[in-house]
Structures are given as structure tokens and as C-alpha cells.
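Asks: The structure file data-v2.txt (compact mmCIF, C-alpha atoms) is provided below.
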```
# COMPACT_ATOMS: atom_id res chain seq x y z
CA MET A 1 -49.10 24.77 -9.17
CA PRO A 2 -46.25 26.74 -7.57
CA ARG A 3 -42.82 26.44 -9.06
CA THR A 4 -40.17 24.37 -7.31
CA LYS A 5 -36.89 26.00 -6.44
CA GLY A 6 -33.73 23.92 -6.23
CA GLY A 7 -32.13 25.62 -3.27
CA THR A 8 -32.41 22.64 -0.93
CA VAL A 9 -30.81 20.23 -3.37
CA THR A 10 -28.05 22.68 -4.29
CA HIS A 11 -27.33 23.44 -0.66
CA ARG A 12 -27.07 19.74 0.14
CA ARG A 13 -24.73 19.14 -2.82
CA HIS A 14 -22.52 22.09 -1.86
CA LYS A 15 -22.45 21.02 1.80
CA LYS A 16 -21.35 17.53 0.83
CA VAL A 17 -18.34 18.89 -1.07
CA LEU A 18 -17.46 21.45 1.60
CA ASP A 19 -17.56 18.72 4.28
CA GLN A 20 -15.08 16.72 2.23
CA ALA A 21 -12.85 19.81 1.96
CA LYS A 22 -12.74 20.35 5.72
CA GLY A 23 -9.15 20.91 6.81
CA TYR A 24 -8.01 22.38 3.49
CA TYR A 25 -6.36 25.82 3.54
CA ASP A 26 -7.88 29.16 2.51
CA ARG A 27 -10.74 29.23 -0.01
CA ARG A 28 -10.28 25.55 -0.75
CA SER A 29 -12.29 24.82 2.40
CA THR A 30 -14.90 27.58 2.22
CA THR A 31 -15.73 28.35 -1.41
CA PHE A 32 -17.70 25.70 -3.30
CA LYS A 33 -16.11 26.23 -6.72
CA VAL A 34 -12.54 26.02 -5.44
CA ALA A 35 -13.36 23.28 -2.92
CA ARG A 36 -14.90 21.12 -5.65
CA GLN A 37 -11.70 21.35 -7.69
CA ALA A 38 -9.59 20.46 -4.64
CA VAL A 39 -11.82 17.53 -3.65
CA ASP A 40 -11.90 16.18 -7.22
CA LYS A 41 -8.11 16.31 -7.42
CA ALA A 42 -7.79 14.68 -3.99
CA ASN A 43 -10.07 11.86 -5.15
CA GLN A 44 -7.93 11.38 -8.27
CA TYR A 45 -4.83 11.08 -6.07
CA ALA A 46 -6.61 8.69 -3.71
CA THR A 47 -7.69 6.43 -6.57
CA ARG A 48 -4.21 6.37 -8.08
CA ASP A 49 -2.43 5.89 -4.79
CA ARG A 50 -4.47 2.85 -3.79
CA LYS A 51 -2.55 1.05 -6.53
CA VAL A 52 0.75 2.74 -5.63
CA ARG A 53 0.40 1.67 -1.98
CA LYS A 54 0.30 -1.98 -3.06
CA ARG A 55 3.49 -1.47 -5.09
CA ASN A 56 5.23 0.28 -2.20
CA PHE A 57 4.40 -2.46 0.29
CA ARG A 58 5.59 -5.21 -2.05
CA SER A 59 8.85 -3.31 -2.52
CA LEU A 60 9.23 -2.95 1.26
CA TRP A 61 8.61 -6.66 1.79
CA ILE A 62 11.21 -7.57 -0.82
CA GLN A 63 13.80 -5.29 0.84
CA ARG A 64 13.12 -6.82 4.25
CA ILE A 65 13.35 -10.37 2.89
CA ASN A 66 16.60 -9.53 1.10
CA ALA A 67 18.11 -8.07 4.28
CA GLY A 68 16.97 -11.09 6.30
CA VAL A 69 18.38 -13.57 3.79
CA ARG A 70 21.75 -11.82 3.68
CA ALA A 71 21.91 -11.81 7.48
CA PHE A 72 21.76 -15.61 7.46
CA ASP A 73 23.79 -16.28 4.32
CA ALA A 74 25.99 -13.52 2.90
CA ASP A 75 26.26 -15.26 -0.48
CA MET A 76 22.54 -15.68 -1.05
CA THR A 77 20.49 -12.94 -2.71
CA TYR A 78 16.75 -12.34 -2.69
CA SER A 79 16.25 -13.80 -6.17
CA ARG A 80 18.23 -16.96 -5.39
CA PHE A 81 16.27 -17.32 -2.14
CA ILE A 82 12.92 -17.10 -3.98
CA ASN A 83 14.20 -19.62 -6.54
CA GLY A 84 15.21 -21.94 -3.70
CA LEU A 85 11.76 -21.63 -2.13
CA THR A 86 10.16 -22.55 -5.45
CA LEU A 87 12.41 -25.58 -5.87
CA ALA A 88 11.73 -26.64 -2.28
CA GLY A 89 7.99 -26.37 -2.87
CA ILE A 90 7.50 -23.79 -0.13
CA GLU A 91 4.62 -21.44 -0.94
CA VAL A 92 4.75 -18.50 1.47
CA ASP A 93 3.90 -15.02 0.24
CA ARG A 94 6.27 -12.08 0.56
CA LYS A 95 4.21 -10.34 3.23
CA VAL A 96 4.51 -13.33 5.57
CA LEU A 97 8.19 -13.86 4.73
CA ALA A 98 8.96 -10.20 5.52
CA ASP A 99 7.08 -10.46 8.82
CA LEU A 100 9.02 -13.61 9.73
CA ALA A 101 12.32 -11.95 8.81
CA VAL A 102 11.60 -9.05 11.15
CA ASN A 103 9.78 -10.70 14.06
CA GLU A 104 10.75 -14.40 13.98
CA PRO A 105 14.37 -14.65 12.86
CA ASP A 106 14.70 -18.29 13.97
CA ALA A 107 11.76 -19.45 11.87
CA PHE A 108 13.00 -17.36 8.95
CA GLY A 109 16.46 -18.93 9.33
CA ALA A 110 14.91 -22.38 9.02
CA ILE A 111 13.22 -21.33 5.78
CA VAL A 112 16.52 -19.96 4.46
CA ASP A 113 18.18 -23.29 5.26
CA LYS A 114 15.49 -25.18 3.32
CA ALA A 115 15.90 -22.86 0.34
CA ARG A 116 19.69 -23.24 0.46
CA ALA A 117 19.35 -27.05 0.57
CA ALA A 118 17.00 -27.00 -2.42
CA LEU A 119 19.50 -24.97 -4.44
CA ALA A 120 22.39 -27.31 -3.71
```
Please rewrite the model in this file as C-alpha cells.
Replies:
Amino acid sequence: MPRTKGGTVTHRRHKKVLDQAKGYYDRRSTTFKVARQAVDKANQYATRDRKVRKRNFRSLWIQRINAGVRAFDADMTYSRFINGLTLAGIEVDRKVLADLAVNEPDAFGAIVDKARAALA
């Protein structure tokens, strides 16, 4: 029985990594050993930053809500607004509240009024 050489499998494995490294500079896109290191590191960043992206968006939503609340009531802060929503029994997530604050200021103003009334 003739021996089997692994060139096809190795070539396929190398090609897969080099395809992922397309667009990288210098040897990072052409040399398997360097490209594998770059792709592995990029995948580590991608895995980590999927969590970080969620944090960043929540922070952005909170900033937008805070700015929207202060535009309607200069004395009210974000934390007091969220407390007022809880007391009023309004369950709207921060993503929707931020979208309302930016795109539907009238509707957001009505929610601020309800929260203010619940606090009083």
C-alpha cells in the first residue's frame, strides 16, 4: 500500500488561515506562521470585544437618556429618572428609552412627566 502524504490537508489548513489574514500588512498576510499568530490574536480581540461592545452601547444609551431627561427637567438626573420609572411601574429598557429620547422627544417627555409624578 502506498504511503499517504499530508500535503492536501496542510495546504487546505494553511489556505484557511491565509484567507482570514487577507488585508493584513506585510508578512502577516502571506506567511503562514506569522499569519496564524495575527489571526489568533485577532480572534482573541474579537471574542473579548463582543462583551465590550455590549458595555459601550449600554453606556451610550445611559448618556443619551441622561441628556434627554435634563433637557425636559434640569433638576432631574438619570438615576432619579430610573427610580421614578420603577416607582411608576414603567418597564422600558434603556435601548428603547435612548431611541425615544433622540427620535421621539414628545413621547420621551411624557415618560419623564410620569416619572416625575411618581417621585412626587
Asks: Please, what distance in Å, to one decimal, runs between atom CA of A:Phe32 and atom CA of A:Gln44?
Replies: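 Pair atom CA of A:Phe32 / atom CA of A:Gln44 returns 18.0 Å.
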Asks: Mind giving me the straight-line distance from atom CA of A:Thr31 to atom CA of A:His14 in Å, one decimal?
Replies: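 According to the coordinates, atom CA of A:Thr31 and atom CA of A:His14 are separated by 9.2 Å.
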Asks: Looking at all atoms listed in the file, which of A:Gly68, A:Arg36, A:Ala107, A:Val52 is the one that sits closest to A:Asp19?
Replies: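 Nearest candidate to A:Asp19 out of A:Gly68, A:Arg36, A:Ala107, A:Val52: A:Arg36.
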Asks: So which residues touch stretch 78-81 of chain A within 8 Å, counting only C-alpha atoms, skipping near sequence neighbours fewer than 4 positions away, as a ChimeraX atom specification?
Replies: /A:62,65-66,69,85,112,115-116
Asks: In Å to one decimal, how far is atom CA of A:Asp49 from atom CA of A:Gln20?
Replies: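 Pair atom CA of A:Gln20 / atom CA of A:Asp49 returns 18.1 Å.
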Asks: So that I can check the surroundings of A:Ala71, please list as a ChimeraX atom specification every protein, DNA and RNA residue that reaches within 12 Å of it, counting all atoms listed in the file and ignoring chain neighbours fewer than 6 positions away.
Replies: /A:64-65,77-78,101-102,105-106,108-109,112
Asks: From the set A:Ala118, A:Ala98, A:Arg53, A:Thr30, which residue has the shortest atom-to-atom contact distance to A:Asn83, counting all atoms listed in the file?
Replies: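 Going through A:Ala118, A:Ala98, A:Arg53, A:Thr30 one by one, the smallest distance to A:Asn83 is for A:Ala118.
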Asks: Please return as a list of chain:residue names every residue within 8 Å of (9.7, -21.3, 1.1), taking into account all atoms listed in the file and the file's own coordinates.
Replies: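 Residues satisfying the cut-off, written out: A:Ile82, A:Gly84, A:Leu85, A:Thr86, A:Ala88, A:Gly89, A:Ile90, A:Glu91, A:Val92, A:Ile111, A:Val112, A:Lys114, A:Ala115.
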Asks: Let's have the selection written as a tab-separated table (two decimals), in the frame of the given file, with C-alpha atoms.
Replies:
```tsv
chain	number	residue	atom	x	y	z
A	82	ILE	CA	12.92	-17.10	-3.98
A	84	GLY	CA	15.21	-21.94	-3.70
A	85	LEU	CA	11.76	-21.63	-2.13
A	86	THR	CA	10.16	-22.55	-5.45
A	88	ALA	CA	11.73	-26.64	-2.28
A	89	GLY	CA	7.99	-26.37	-2.87
A	90	ILE	CA	7.50	-23.79	-0.13
A	91	GLU	CA	4.62	-21.44	-0.94
A	92	VAL	CA	4.75	-18.50	1.47
A	111	ILE	CA	13.22	-21.33	5.78
A	112	VAL	CA	16.52	-19.96	4.46
A	114	LYS	CA	15.49	-25.18	3.32
A	115	ALA	CA	15.90	-22.86	0.34
```
Asks: Between A:Met1, A:Val96, A:Asp113, A:Lys15, which has the minimum distance to A:Asp73 (counting only C-alpha atoms)?
Replies: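 Between A:Met1, A:Val96, A:Asp113, A:Lys15, the residue approaching A:Asp73 most closely is A:Asp113.
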Asks: Compare A:Arg13, A:Phe72, A:Asp99, A:Asn56 by their minimum atom-to-atom distance to A:Lys33, counting all atoms listed in the file, and give me the closest one.
Replies: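 Once distances to A:Lys33 are computed over all atoms listed in the file, the minimum belongs to A:Arg13.
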Asks: For a quick check of understanding, using only C-alpha atoms, which of A:Leu18, A:Thr4, A:Lys54, A:Leu97 has the smallest distance to A:Val34?
Replies: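 Residue with the minimum atom-to-atom distance to A:Val34: A:Leu18.
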Asks: Considering all atoms listed in the file, can you say which of A:Val39, A:Glu104, A:Ala46, A:Arg3 comes closest to A:Gly23?
Replies: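 For A:Gly23, the nearest of the given residues is A:Val39.
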